[in-house]
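What follows is the content of my_file_35.pdb, which has PDB, N, CA and C atoms:
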ATOM      1  N   MET U   1      11.877 -12.824 -36.107
ATOM      2  CA  MET U   1      10.846 -13.757 -35.729
ATOM      3  C   MET U   1      10.481 -13.536 -34.261
ATOM      4  N   THR U   2       9.197 -13.543 -33.957
ATOM      5  CA  THR U   2       8.735 -13.363 -32.584
ATOM      6  C   THR U   2       8.105 -14.650 -32.080
ATOM      7  N   GLN U   3       8.088 -14.782 -30.779
ATOM      8  CA  GLN U   3       7.460 -15.926 -30.129
ATOM      9  C   GLN U   3       6.543 -15.416 -29.034
ATOM     10  N   ARG U   4       5.527 -16.210 -28.712
ATOM     11  CA  ARG U   4       4.547 -15.790 -27.715
ATOM     12  C   ARG U   4       4.960 -16.206 -26.315
ATOM     13  N   LEU U   5       4.829 -15.247 -25.413
ATOM     14  CA  LEU U   5       5.058 -15.454 -23.992
ATOM     15  C   LEU U   5       3.841 -14.925 -23.260
ATOM     16  N   ILE U   6       3.880 -14.912 -21.948
ATOM     17  CA  ILE U   6       2.834 -14.234 -21.190
ATOM     18  C   ILE U   6       3.465 -13.226 -20.249
ATOM     19  N   LEU U   7       2.680 -12.210 -19.963
ATOM     20  CA  LEU U   7       2.964 -11.265 -18.897
ATOM     21  C   LEU U   7       1.843 -11.443 -17.893
ATOM     22  N   ALA U   8       2.206 -11.558 -16.637
ATOM     23  CA  ALA U   8       1.201 -11.680 -15.581
ATOM     24  C   ALA U   8       1.458 -10.581 -14.571
ATOM     25  N   LEU U   9       0.394 -10.086 -13.991
ATOM     26  CA  LEU U   9       0.487  -8.978 -13.057
ATOM     27  C   LEU U   9      -0.213  -9.349 -11.758
ATOM     28  N   THR U  10       0.456  -9.060 -10.657
ATOM     29  CA  THR U  10      -0.151  -9.190  -9.340
ATOM     30  C   THR U  10       0.453  -8.106  -8.458
ATOM     31  N   THR U  11      -0.089  -7.937  -7.279
ATOM     32  CA  THR U  11       0.456  -6.976  -6.324
ATOM     33  C   THR U  11       0.580  -7.656  -4.971
ATOM     34  N   GLU U  12       1.510  -7.161  -4.181
ATOM     35  CA  GLU U  12       1.691  -7.639  -2.811
ATOM     36  C   GLU U  12       1.666  -6.438  -1.877
ATOM     37  N   ALA U  13       1.459  -6.704  -0.602
ATOM     38  CA  ALA U  13       1.267  -5.635   0.378
ATOM     39  C   ALA U  13       2.535  -4.843   0.669
ATOM     40  N   ASN U  14       3.702  -5.459   0.488
ATOM     41  CA  ASN U  14       4.953  -4.766   0.822
ATOM     42  C   ASN U  14       6.112  -5.401   0.064
ATOM     43  N   GLN U  15       7.273  -4.782   0.167
ATOM     44  CA  GLN U  15       8.452  -5.226  -0.572
ATOM     45  C   GLN U  15       8.869  -6.639  -0.166
ATOM     46  N   GLN U  16       8.840  -6.932   1.116
ATOM     47  CA  GLN U  16       9.251  -8.257   1.583
ATOM     48  C   GLN U  16       8.346  -9.355   1.025
ATOM     49  N   SER U  17       7.034  -9.151   1.072
ATOM     50  CA  SER U  17       6.096 -10.145   0.524
ATOM     51  C   SER U  17       6.282 -10.294  -0.974
ATOM     52  N   ALA U  18       6.512  -9.171  -1.669
ATOM     53  CA  ALA U  18       6.714  -9.207  -3.117
ATOM     54  C   ALA U  18       7.981  -9.980  -3.470
ATOM     55  N   GLU U  19       9.053  -9.728  -2.739
ATOM     56  CA  GLU U  19      10.313 -10.425  -3.014
ATOM     57  C   GLU U  19      10.208 -11.910  -2.693
ATOM     58  N   THR U  20       9.489 -12.250  -1.634
ATOM     59  CA  THR U  20       9.290 -13.657  -1.283
ATOM     60  C   THR U  20       8.533 -14.383  -2.383
ATOM     61  N   LEU U  21       7.444 -13.781  -2.865
ATOM     62  CA  LEU U  21       6.659 -14.389  -3.936
ATOM     63  C   LEU U  21       7.478 -14.475  -5.214
ATOM     64  N   ALA U  22       8.180 -13.414  -5.578
ATOM     65  CA  ALA U  22       8.994 -13.410  -6.797
ATOM     66  C   ALA U  22      10.056 -14.503  -6.734
ATOM     67  N   ARG U  23      10.753 -14.600  -5.623
ATOM     68  CA  ARG U  23      11.813 -15.609  -5.482
ATOM     69  C   ARG U  23      11.241 -17.024  -5.608
ATOM     70  N   MET U  24      10.074 -17.268  -5.001
ATOM     71  CA  MET U  24       9.451 -18.587  -5.090
ATOM     72  C   MET U  24       9.118 -18.920  -6.543
ATOM     73  N   LEU U  25       8.555 -17.964  -7.280
ATOM     74  CA  LEU U  25       8.214 -18.202  -8.685
ATOM     75  C   LEU U  25       9.458 -18.479  -9.516
ATOM     76  N   LEU U  26      10.524 -17.751  -9.242
ATOM     77  CA  LEU U  26      11.780 -17.972  -9.954
ATOM     78  C   LEU U  26      12.386 -19.327  -9.595
ATOM     79  N   GLU U  27      12.404 -19.670  -8.317
ATOM     80  CA  GLU U  27      12.975 -20.945  -7.887
ATOM     81  C   GLU U  27      12.205 -22.136  -8.456
ATOM     82  N   GLN U  28      10.883 -21.983  -8.604
ATOM     83  CA  GLN U  28      10.066 -23.051  -9.185
ATOM     84  C   GLN U  28      10.106 -23.033 -10.715
ATOM     85  N   ARG U  29      10.861 -22.111 -11.280
ATOM     86  CA  ARG U  29      11.014 -21.963 -12.743
ATOM     87  C   ARG U  29       9.688 -21.661 -13.437
ATOM     88  N   LEU U  30       8.783 -20.965 -12.729
ATOM     89  CA  LEU U  30       7.517 -20.537 -13.313
ATOM     90  C   LEU U  30       7.624 -19.145 -13.908
ATOM     91  N   ALA U  31       8.734 -18.482 -13.673
ATOM     92  CA  ALA U  31       8.968 -17.137 -14.205
ATOM     93  C   ALA U  31      10.433 -17.020 -14.601
ATOM     94  N   ALA U  32      10.674 -16.270 -15.662
ATOM     95  CA  ALA U  32      12.050 -15.982 -16.071
ATOM     96  C   ALA U  32      12.532 -14.703 -15.407
ATOM     97  N   CYS U  33      11.590 -13.789 -15.148
ATOM     98  CA  CYS U  33      11.911 -12.478 -14.589
ATOM     99  C   CYS U  33      10.667 -11.940 -13.897
ATOM    100  N   VAL U  34      10.879 -11.279 -12.774
ATOM    101  CA  VAL U  34       9.783 -10.605 -12.083
ATOM    102  C   VAL U  34      10.254  -9.192 -11.762
ATOM    103  N   ALA U  35       9.595  -8.205 -12.351
ATOM    104  CA  ALA U  35       9.929  -6.803 -12.091
ATOM    105  C   ALA U  35       9.048  -6.296 -10.961
ATOM    106  N   LEU U  36       9.673  -5.675  -9.959
ATOM    107  CA  LEU U  36       8.954  -5.172  -8.791
ATOM    108  C   LEU U  36       8.898  -3.649  -8.847
ATOM    109  N   GLN U  37       7.700  -3.101  -8.622
ATOM    110  CA  GLN U  37       7.505  -1.657  -8.701
ATOM    111  C   GLN U  37       6.614  -1.192  -7.557
ATOM    112  N   PRO U  38       7.142  -0.400  -6.607
ATOM    113  CA  PRO U  38       6.283   0.154  -5.557
ATOM    114  C   PRO U  38       5.239   1.101  -6.165
ATOM    115  N   GLN U  39       4.056   1.114  -5.576
ATOM    116  CA  GLN U  39       2.989   1.986  -6.076
ATOM    117  C   GLN U  39       1.982   2.271  -4.978
ATOM    118  N   ARG U  40       1.133   3.231  -5.225
ATOM    119  CA  ARG U  40      -0.004   3.547  -4.350
ATOM    120  C   ARG U  40      -1.253   3.126  -5.097
ATOM    121  N   ALA U  41      -2.122   2.360  -4.469
ATOM    122  CA  ALA U  41      -3.338   1.877  -5.113
ATOM    123  C   ALA U  41      -4.567   2.393  -4.376
ATOM    124  N   MET U  42      -5.599   2.679  -5.145
ATOM    125  CA  MET U  42      -6.925   3.009  -4.600
ATOM    126  C   MET U  42      -7.899   2.026  -5.234
ATOM    127  N   TYR U  43      -8.814   1.453  -4.401
ATOM    128  CA  TYR U  43      -9.665   0.376  -4.890
ATOM    129  C   TYR U  43     -10.871   0.211  -3.971
ATOM    130  N   TRP U  44     -11.883  -0.465  -4.509
ATOM    131  CA  TRP U  44     -13.043  -0.828  -3.707
ATOM    132  C   TRP U  44     -12.727  -2.093  -2.939
ATOM    133  N   TRP U  45     -13.030  -2.130  -1.635
ATOM    134  CA  TRP U  45     -12.882  -3.333  -0.838
ATOM    135  C   TRP U  45     -13.935  -3.322   0.259
ATOM    136  N   GLN U  46     -14.765  -4.344   0.263
ATOM    137  CA  GLN U  46     -15.819  -4.525   1.248
ATOM    138  C   GLN U  46     -16.679  -3.277   1.404
ATOM    139  N   GLY U  47     -17.093  -2.727   0.260
ATOM    140  CA  GLY U  47     -18.031  -1.617   0.242
ATOM    141  C   GLY U  47     -17.450  -0.241   0.474
ATOM    142  N   GLN U  48     -16.123  -0.132   0.552
ATOM    143  CA  GLN U  48     -15.484   1.164   0.802
ATOM    144  C   GLN U  48     -14.332   1.378  -0.169
ATOM    145  N   ILE U  49     -14.030   2.629  -0.395
ATOM    146  CA  ILE U  49     -12.830   2.946  -1.164
ATOM    147  C   ILE U  49     -11.649   2.928  -0.201
ATOM    148  N   GLU U  50     -10.656   2.123  -0.544
ATOM    149  CA  GLU U  50      -9.453   1.972   0.264
ATOM    150  C   GLU U  50      -8.265   2.546  -0.495
ATOM    151  N   SER U  51      -7.196   2.782   0.207
ATOM    152  CA  SER U  51      -5.956   3.276  -0.377
ATOM    153  C   SER U  51      -4.796   2.641   0.384
ATOM    154  N   SER U  52      -3.816   2.136  -0.346
ATOM    155  CA  SER U  52      -2.676   1.515   0.334
ATOM    156  C   SER U  52      -1.449   1.514  -0.563
ATOM    157  N   ASP U  53      -0.299   1.429   0.069
ATOM    158  CA  ASP U  53       0.939   1.217  -0.658
ATOM    159  C   ASP U  53       1.060  -0.272  -0.932
ATOM    160  N   GLU U  54       1.533  -0.619  -2.093
ATOM    161  CA  GLU U  54       1.769  -2.012  -2.428
ATOM    162  C   GLU U  54       2.903  -2.096  -3.433
ATOM    163  N   VAL U  55       3.266  -3.308  -3.773
ATOM    164  CA  VAL U  55       4.324  -3.530  -4.757
ATOM    165  C   VAL U  55       3.731  -4.355  -5.890
ATOM    166  N   GLN U  56       3.861  -3.852  -7.104
ATOM    167  CA  GLN U  56       3.370  -4.539  -8.291
ATOM    168  C   GLN U  56       4.444  -5.490  -8.802
ATOM    169  N   LEU U  57       4.036  -6.698  -9.161
ATOM    170  CA  LEU U  57       4.931  -7.686  -9.740
ATOM    171  C   LEU U  57       4.523  -7.921 -11.181
ATOM    172  N   LEU U  58       5.414  -7.657 -12.111
ATOM    173  CA  LEU U  58       5.203  -7.959 -13.523
ATOM    174  C   LEU U  58       6.041  -9.191 -13.828
ATOM    175  N   ILE U  59       5.350 -10.288 -14.135
ATOM    176  CA  ILE U  59       5.981 -11.595 -14.276
ATOM    177  C   ILE U  59       6.056 -11.960 -15.755
ATOM    178  N   LYS U  60       7.256 -12.338 -16.210
ATOM    179  CA  LYS U  60       7.448 -12.788 -17.584
ATOM    180  C   LYS U  60       7.642 -14.295 -17.568
ATOM    181  N   ALA U  61       6.838 -15.008 -18.366
ATOM    182  CA  ALA U  61       6.841 -16.471 -18.296
ATOM    183  C   ALA U  61       6.456 -17.084 -19.636
ATOM    184  N   ARG U  62       6.566 -18.405 -19.689
ATOM    185  CA  ARG U  62       6.163 -19.152 -20.885
ATOM    186  C   ARG U  62       4.647 -19.328 -20.903
ATOM    187  N   LEU U  63       4.072 -19.250 -22.085
ATOM    188  CA  LEU U  63       2.637 -19.417 -22.265
ATOM    189  C   LEU U  63       2.167 -20.761 -21.707
ATOM    190  N   GLU U  64       2.954 -21.799 -21.894
ATOM    191  CA  GLU U  64       2.580 -23.146 -21.455
ATOM    192  C   GLU U  64       2.479 -23.259 -19.931
ATOM    193  N   GLN U  65       3.054 -22.327 -19.195
ATOM    194  CA  GLN U  65       3.053 -22.405 -17.741
ATOM    195  C   GLN U  65       2.016 -21.500 -17.087
ATOM    196  N   ARG U  66       1.124 -20.946 -17.868
ATOM    197  CA  ARG U  66       0.153 -19.985 -17.353
ATOM    198  C   ARG U  66      -0.653 -20.536 -16.177
ATOM    199  N   ASP U  67      -1.223 -21.724 -16.328
ATOM    200  CA  ASP U  67      -2.065 -22.288 -15.266
ATOM    201  C   ASP U  67      -1.262 -22.593 -14.004
ATOM    202  N   ALA U  68      -0.075 -23.168 -14.167
ATOM    203  CA  ALA U  68       0.779 -23.467 -13.016
ATOM    204  C   ALA U  68       1.207 -22.178 -12.319
ATOM    205  N   LEU U  69       1.466 -21.138 -13.094
ATOM    206  CA  LEU U  69       1.848 -19.844 -12.530
ATOM    207  C   LEU U  69       0.704 -19.268 -11.700
ATOM    208  N   GLU U  70      -0.507 -19.278 -12.244
ATOM    209  CA  GLU U  70      -1.649 -18.761 -11.491
ATOM    210  C   GLU U  70      -1.879 -19.550 -10.215
ATOM    211  N   THR U  71      -1.787 -20.859 -10.288
ATOM    212  CA  THR U  71      -1.972 -21.695  -9.100
ATOM    213  C   THR U  71      -0.948 -21.346  -8.028
ATOM    214  N   ALA U  72       0.302 -21.189  -8.415
ATOM    215  CA  ALA U  72       1.356 -20.858  -7.451
ATOM    216  C   ALA U  72       1.131 -19.480  -6.837
ATOM    217  N   VAL U  73       0.749 -18.513  -7.655
ATOM    218  CA  VAL U  73       0.488 -17.166  -7.126
ATOM    219  C   VAL U  73      -0.644 -17.223  -6.112
ATOM    220  N   ARG U  74      -1.729 -17.895  -6.444
ATOM    221  CA  ARG U  74      -2.870 -17.981  -5.532
ATOM    222  C   ARG U  74      -2.513 -18.705  -4.230
ATOM    223  N   GLN U  75      -1.718 -19.762  -4.320
ATOM    224  CA  GLN U  75      -1.356 -20.542  -3.126
ATOM    225  C   GLN U  75      -0.422 -19.785  -2.187
ATOM    226  N   HIS U  76       0.448 -18.949  -2.725
ATOM    227  CA  HIS U  76       1.495 -18.326  -1.917
ATOM    228  C   HIS U  76       1.292 -16.833  -1.686
ATOM    229  N   HIS U  77       0.190 -16.294  -2.148
ATOM    230  CA  HIS U  77      -0.060 -14.858  -2.045
ATOM    231  C   HIS U  77      -0.522 -14.488  -0.646
ATOM    232  N   SER U  78      -0.190 -13.275  -0.225
ATOM    233  CA  SER U  78      -0.582 -12.831   1.121
ATOM    234  C   SER U  78      -2.002 -12.258   1.174
ATOM    235  N   TYR U  79      -2.591 -11.938   0.028
ATOM    236  CA  TYR U  79      -3.928 -11.348   0.011
ATOM    237  C   TYR U  79      -5.023 -12.408  -0.004
ATOM    238  N   GLU U  80      -6.155 -12.065   0.575
ATOM    239  CA  GLU U  80      -7.337 -12.925   0.544
ATOM    240  C   GLU U  80      -7.834 -13.110  -0.893
ATOM    241  N   THR U  81      -7.827 -12.025  -1.665
ATOM    242  CA  THR U  81      -8.255 -12.056  -3.057
ATOM    243  C   THR U  81      -7.131 -11.482  -3.921
ATOM    244  N   PRO U  82      -6.158 -12.319  -4.307
ATOM    245  CA  PRO U  82      -5.028 -11.790  -5.061
ATOM    246  C   PRO U  82      -5.401 -11.406  -6.491
ATOM    247  N   GLU U  83      -4.822 -10.315  -6.918
ATOM    248  CA  GLU U  83      -4.950  -9.907  -8.321
ATOM    249  C   GLU U  83      -4.107 -10.857  -9.156
ATOM    250  N   PHE U  84      -4.666 -11.339 -10.263
ATOM    251  CA  PHE U  84      -3.891 -12.100 -11.237
ATOM    252  C   PHE U  84      -4.434 -11.746 -12.605
ATOM    253  N   LEU U  85      -3.721 -10.901 -13.300
ATOM    254  CA  LEU U  85      -4.069 -10.520 -14.660
ATOM    255  C   LEU U  85      -3.010 -11.109 -15.573
ATOM    256  N   CYS U  86      -3.424 -11.621 -16.706
ATOM    257  CA  CYS U  86      -2.476 -12.288 -17.585
ATOM    258  C   CYS U  86      -2.836 -11.992 -19.037
ATOM    259  N   TRP U  87      -1.826 -11.717 -19.837
ATOM    260  CA  TRP U  87      -2.064 -11.497 -21.261
ATOM    261  C   TRP U  87      -0.896 -12.015 -22.067
ATOM    262  N   ALA U  88      -1.186 -12.356 -23.322
ATOM    263  CA  ALA U  88      -0.157 -12.847 -24.234
ATOM    264  C   ALA U  88       0.703 -11.679 -24.697
ATOM    265  N   ALA U  89       1.970 -11.986 -24.922
ATOM    266  CA  ALA U  89       2.908 -10.981 -25.414
ATOM    267  C   ALA U  89       3.788 -11.625 -26.475
ATOM    268  N   GLU U  90       4.248 -10.827 -27.395
ATOM    269  CA  GLU U  90       5.193 -11.300 -28.391
ATOM    270  C   GLU U  90       6.580 -10.826 -28.017
ATOM    271  N   ALA U  91       7.541 -11.730 -28.092
ATOM    272  CA  ALA U  91       8.919 -11.415 -27.721
ATOM    273  C   ALA U  91       9.842 -11.703 -28.894
ATOM    274  N   SER U  92      10.927 -10.967 -28.951
ATOM    275  CA  SER U  92      11.934 -11.240 -29.971
ATOM    276  C   SER U  92      12.494 -12.640 -29.737
ATOM    277  N   GLY U  93      13.039 -13.219 -30.767
ATOM    278  CA  GLY U  93      13.540 -14.584 -30.701
ATOM    279  C   GLY U  93      14.547 -14.811 -29.594
ATOM    280  N   ASP U  94      15.531 -13.917 -29.471
ATOM    281  CA  ASP U  94      16.564 -14.092 -28.446
ATOM    282  C   ASP U  94      15.979 -14.014 -27.044
ATOM    283  N   TYR U  95      15.086 -13.055 -26.813
ATOM    284  CA  TYR U  95      14.487 -12.911 -25.482
ATOM    285  C   TYR U  95      13.610 -14.115 -25.168
ATOM    286  N   ALA U  96      12.812 -14.555 -26.136
ATOM    287  CA  ALA U  96      11.940 -15.712 -25.935
ATOM    288  C   ALA U  96      12.756 -16.971 -25.652
ATOM    289  N   THR U  97      13.891 -17.115 -26.318
ATOM    290  CA  THR U  97      14.767 -18.258 -26.065
ATOM    291  C   THR U  97      15.291 -18.223 -24.631
ATOM    292  N   TRP U  98      15.671 -17.023 -24.171
ATOM    293  CA  TRP U  98      16.135 -16.867 -22.799
ATOM    294  C   TRP U  98      15.032 -17.214 -21.804
ATOM    295  N   VAL U  99      13.801 -16.734 -22.032
ATOM    296  CA  VAL U  99      12.681 -17.031 -21.142
ATOM    297  C   VAL U  99      12.442 -18.537 -21.092
ATOM    298  N   ALA U 100      12.431 -19.173 -22.254
ATOM    299  CA  ALA U 100      12.203 -20.622 -22.295
ATOM    300  C   ALA U 100      13.274 -21.369 -21.497
ATOM    301  N   ALA U 101      14.533 -20.945 -21.629
ATOM    302  CA  ALA U 101      15.622 -21.603 -20.904
ATOM    303  C   ALA U 101      15.520 -21.332 -19.401
ATOM    304  N   ALA U 102      15.152 -20.118 -19.033
ATOM    305  CA  ALA U 102      15.049 -19.756 -17.610
ATOM    306  C   ALA U 102      13.904 -20.471 -16.924
ATOM    307  N   CYS U 103      12.862 -20.811 -17.660
ATOM    308  CA  CYS U 103      11.690 -21.467 -17.084
ATOM    309  C   CYS U 103      11.747 -22.981 -17.202
ATOM    310  N   ARG U 104      12.833 -23.496 -17.705
ATOM    311  CA  ARG U 104      12.968 -24.942 -17.858
ATOM    312  C   ARG U 104      13.458 -25.555 -16.551
ATOM    313  N   PRO U 105      12.748 -26.552 -16.037
ATOM    314  CA  PRO U 105      13.172 -27.180 -14.766
ATOM    315  C   PRO U 105      14.520 -27.875 -14.884
TER     316      PRO U 105
END

Structure encoded using C-alpha cells:
Amino acid sequence: MTQRLILALTTEANQQSAETLARMLLEQRLAACVALQPQRAMYWWQGQIESSDEVQLLIKARLEQRDALETAVRQHHSYETPEFLCWAAEASGDYATWVAAACRP
C-alpha cells in the first residue's frame, strides 16, 4: 500500500544557508528529511544569463503541510525570488508512516 507525500525543491546560495533552512524546516516539523546536494546552476536573472554554485534542497513532507512549508521557505530563504517547486509523490507504507511521525508537532 502506498500513501501520498510531497517532494519540494528549493536552492540556497551556499552550504551554510542550506543547512540553516533545512534545520529550521526540520525543527518546525514541516519536513521529515531534507537532502542537500551542491550543484552549479545557470539561469536568467535580470536580463542576463548568470552562473553560480548553489545547494539544492530536496524536502520530503506531508501533503497536508504543503502551504505551511512554502510559507516557511519563502519567509526564511536568502534569495529575493526563491525557487519552490512541489509535486506529489507516492511512498511505501513504512516510509510514509515515518514521514507522518517525523512531521507531527

Resolved residues for the PyMOL selection byres (((chain U and resi 80 and name CA) around 12) and name CA) as a compact mmCIF listing (two decimals) with N, CA and C atoms, in the coordinates of the input:
# COMPACT_ATOMS: atom_id res chain seq x y z
N THR U 11 -0.09 -7.94 -7.28
CA THR U 11 0.46 -6.98 -6.32
C THR U 11 0.58 -7.66 -4.97
N GLU U 12 1.51 -7.16 -4.18
CA GLU U 12 1.69 -7.64 -2.81
C GLU U 12 1.67 -6.44 -1.88
N ALA U 13 1.46 -6.70 -0.60
CA ALA U 13 1.27 -5.64 0.38
C ALA U 13 2.54 -4.84 0.67
N TRP U 45 -13.03 -2.13 -1.64
CA TRP U 45 -12.88 -3.33 -0.84
C TRP U 45 -13.94 -3.32 0.26
N GLN U 46 -14.76 -4.34 0.26
CA GLN U 46 -15.82 -4.53 1.25
C GLN U 46 -16.68 -3.28 1.40
N VAL U 73 0.75 -18.51 -7.66
CA VAL U 73 0.49 -17.17 -7.13
C VAL U 73 -0.64 -17.22 -6.11
N ARG U 74 -1.73 -17.90 -6.44
CA ARG U 74 -2.87 -17.98 -5.53
C ARG U 74 -2.51 -18.70 -4.23
N GLN U 75 -1.72 -19.76 -4.32
CA GLN U 75 -1.36 -20.54 -3.13
C GLN U 75 -0.42 -19.78 -2.19
N HIS U 76 0.45 -18.95 -2.72
CA HIS U 76 1.50 -18.33 -1.92
C HIS U 76 1.29 -16.83 -1.69
N HIS U 77 0.19 -16.29 -2.15
CA HIS U 77 -0.06 -14.86 -2.04
C HIS U 77 -0.52 -14.49 -0.65
N SER U 78 -0.19 -13.28 -0.22
CA SER U 78 -0.58 -12.83 1.12
C SER U 78 -2.00 -12.26 1.17
N TYR U 79 -2.59 -11.94 0.03
CA TYR U 79 -3.93 -11.35 0.01
C TYR U 79 -5.02 -12.41 0.00
N THR U 81 -7.83 -12.02 -1.66
CA THR U 81 -8.26 -12.06 -3.06
C THR U 81 -7.13 -11.48 -3.92
N PRO U 82 -6.16 -12.32 -4.31
CA PRO U 82 -5.03 -11.79 -5.06
C PRO U 82 -5.40 -11.41 -6.49
N GLU U 83 -4.82 -10.32 -6.92
CA GLU U 83 -4.95 -9.91 -8.32
C GLU U 83 -4.11 -10.86 -9.16

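Residue nearest Val99 in chain U, chosen from U:Gln48, U:Arg23, U:Arg62, U:Glu54 and counting only N, CA and C atoms: U:Arg62.
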
Interatomic distance (Å, one decimal) between CA of Val55 in chain U and CA of Glu90 in chain U: 24.9 Å

Those in range 7-84 of chain U with strand (DSSP E or B) from DSSP, as a PyMOL selection string: chain U and resi 7-12+33-45+48-62

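Remark: for Ala31 in chain U, the closest of the candidate residues U:Asn14, U:Arg104, U:Asp67, U:Gly47 is U:Arg104 (distances computed over all atoms listed in the file).
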
DSSP-assigned alpha helix (DSSP H) among chain U, expressed as a PyMOL selection string: chain U and resi 15-27+66-76+93-102

Would you compute an axis-aligned box for range 25-28 of chain U, covering every atom listed for it in the file with 3 Å of margin on each side, and report centre and edge lengths in Å to one decimal as lines of an AutoDock Vina configuration file?
center_x = 10.6
center_y = -20.4
center_z = -9.0
size_x = 10.8
size_y = 11.3
size_z = 9.4

With the input short on atoms, add all heavy atoms back to range 57-64 of chain U and write it as a compact mmCIF listing (two decimals), in the coordinates of the input.
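Output (rebuild-v3.txt):
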# COMPACT_ATOMS: atom_id res chain seq x y z
N LEU U 57 4.04 -6.70 -9.16
CA LEU U 57 4.93 -7.69 -9.74
C LEU U 57 4.52 -7.92 -11.18
O LEU U 57 3.38 -8.33 -11.44
CB LEU U 57 4.86 -9.02 -8.99
CG LEU U 57 5.38 -9.06 -7.56
CD1 LEU U 57 4.36 -8.50 -6.58
CD2 LEU U 57 5.74 -10.49 -7.18
N LEU U 58 5.41 -7.66 -12.11
CA LEU U 58 5.20 -7.96 -13.52
C LEU U 58 6.04 -9.19 -13.83
O LEU U 58 7.27 -9.16 -13.76
CB LEU U 58 5.61 -6.79 -14.42
CG LEU U 58 5.45 -7.03 -15.91
CD1 LEU U 58 3.98 -7.29 -16.26
CD2 LEU U 58 5.98 -5.84 -16.70
N ILE U 59 5.35 -10.29 -14.14
CA ILE U 59 5.98 -11.60 -14.28
C ILE U 59 6.06 -11.96 -15.76
O ILE U 59 5.05 -11.91 -16.46
CB ILE U 59 5.15 -12.66 -13.53
CG1 ILE U 59 4.95 -12.23 -12.06
CG2 ILE U 59 5.78 -14.03 -13.65
CD1 ILE U 59 3.78 -12.91 -11.37
N LYS U 60 7.26 -12.34 -16.21
CA LYS U 60 7.45 -12.79 -17.58
C LYS U 60 7.64 -14.30 -17.57
O LYS U 60 8.49 -14.81 -16.84
CB LYS U 60 8.67 -12.12 -18.23
CG LYS U 60 8.48 -10.62 -18.43
CD LYS U 60 9.29 -9.91 -17.42
CE LYS U 60 9.18 -8.40 -17.60
NZ LYS U 60 10.08 -7.68 -16.75
N ALA U 61 6.84 -15.01 -18.37
CA ALA U 61 6.84 -16.47 -18.30
C ALA U 61 6.46 -17.08 -19.64
O ALA U 61 6.02 -16.39 -20.56
CB ALA U 61 5.88 -16.93 -17.21
N ARG U 62 6.57 -18.40 -19.69
CA ARG U 62 6.16 -19.15 -20.88
C ARG U 62 4.65 -19.33 -20.90
O ARG U 62 4.03 -19.56 -19.87
CB ARG U 62 6.83 -20.52 -20.89
CG ARG U 62 8.34 -20.44 -21.06
CD ARG U 62 9.02 -21.79 -20.93
NE ARG U 62 8.43 -22.77 -21.81
CZ ARG U 62 8.20 -24.03 -21.45
NH1 ARG U 62 8.50 -24.46 -20.25
NH2 ARG U 62 7.67 -24.87 -22.32
N LEU U 63 4.07 -19.25 -22.08
CA LEU U 63 2.64 -19.42 -22.26
C LEU U 63 2.17 -20.76 -21.71
O LEU U 63 1.11 -20.84 -21.07
CB LEU U 63 2.29 -19.30 -23.75
CG LEU U 63 0.84 -19.44 -24.17
CD1 LEU U 63 -0.01 -18.34 -23.54
CD2 LEU U 63 0.71 -19.41 -25.69
N GLU U 64 2.95 -21.80 -21.89
CA GLU U 64 2.58 -23.15 -21.46
C GLU U 64 2.48 -23.26 -19.93
O GLU U 64 1.89 -24.20 -19.41
CB GLU U 64 3.60 -24.18 -21.95
CG GLU U 64 3.68 -24.30 -23.46
CD GLU U 64 4.53 -23.20 -24.11
OE1 GLU U 64 5.28 -22.48 -23.40
OE2 GLU U 64 4.42 -23.05 -25.33
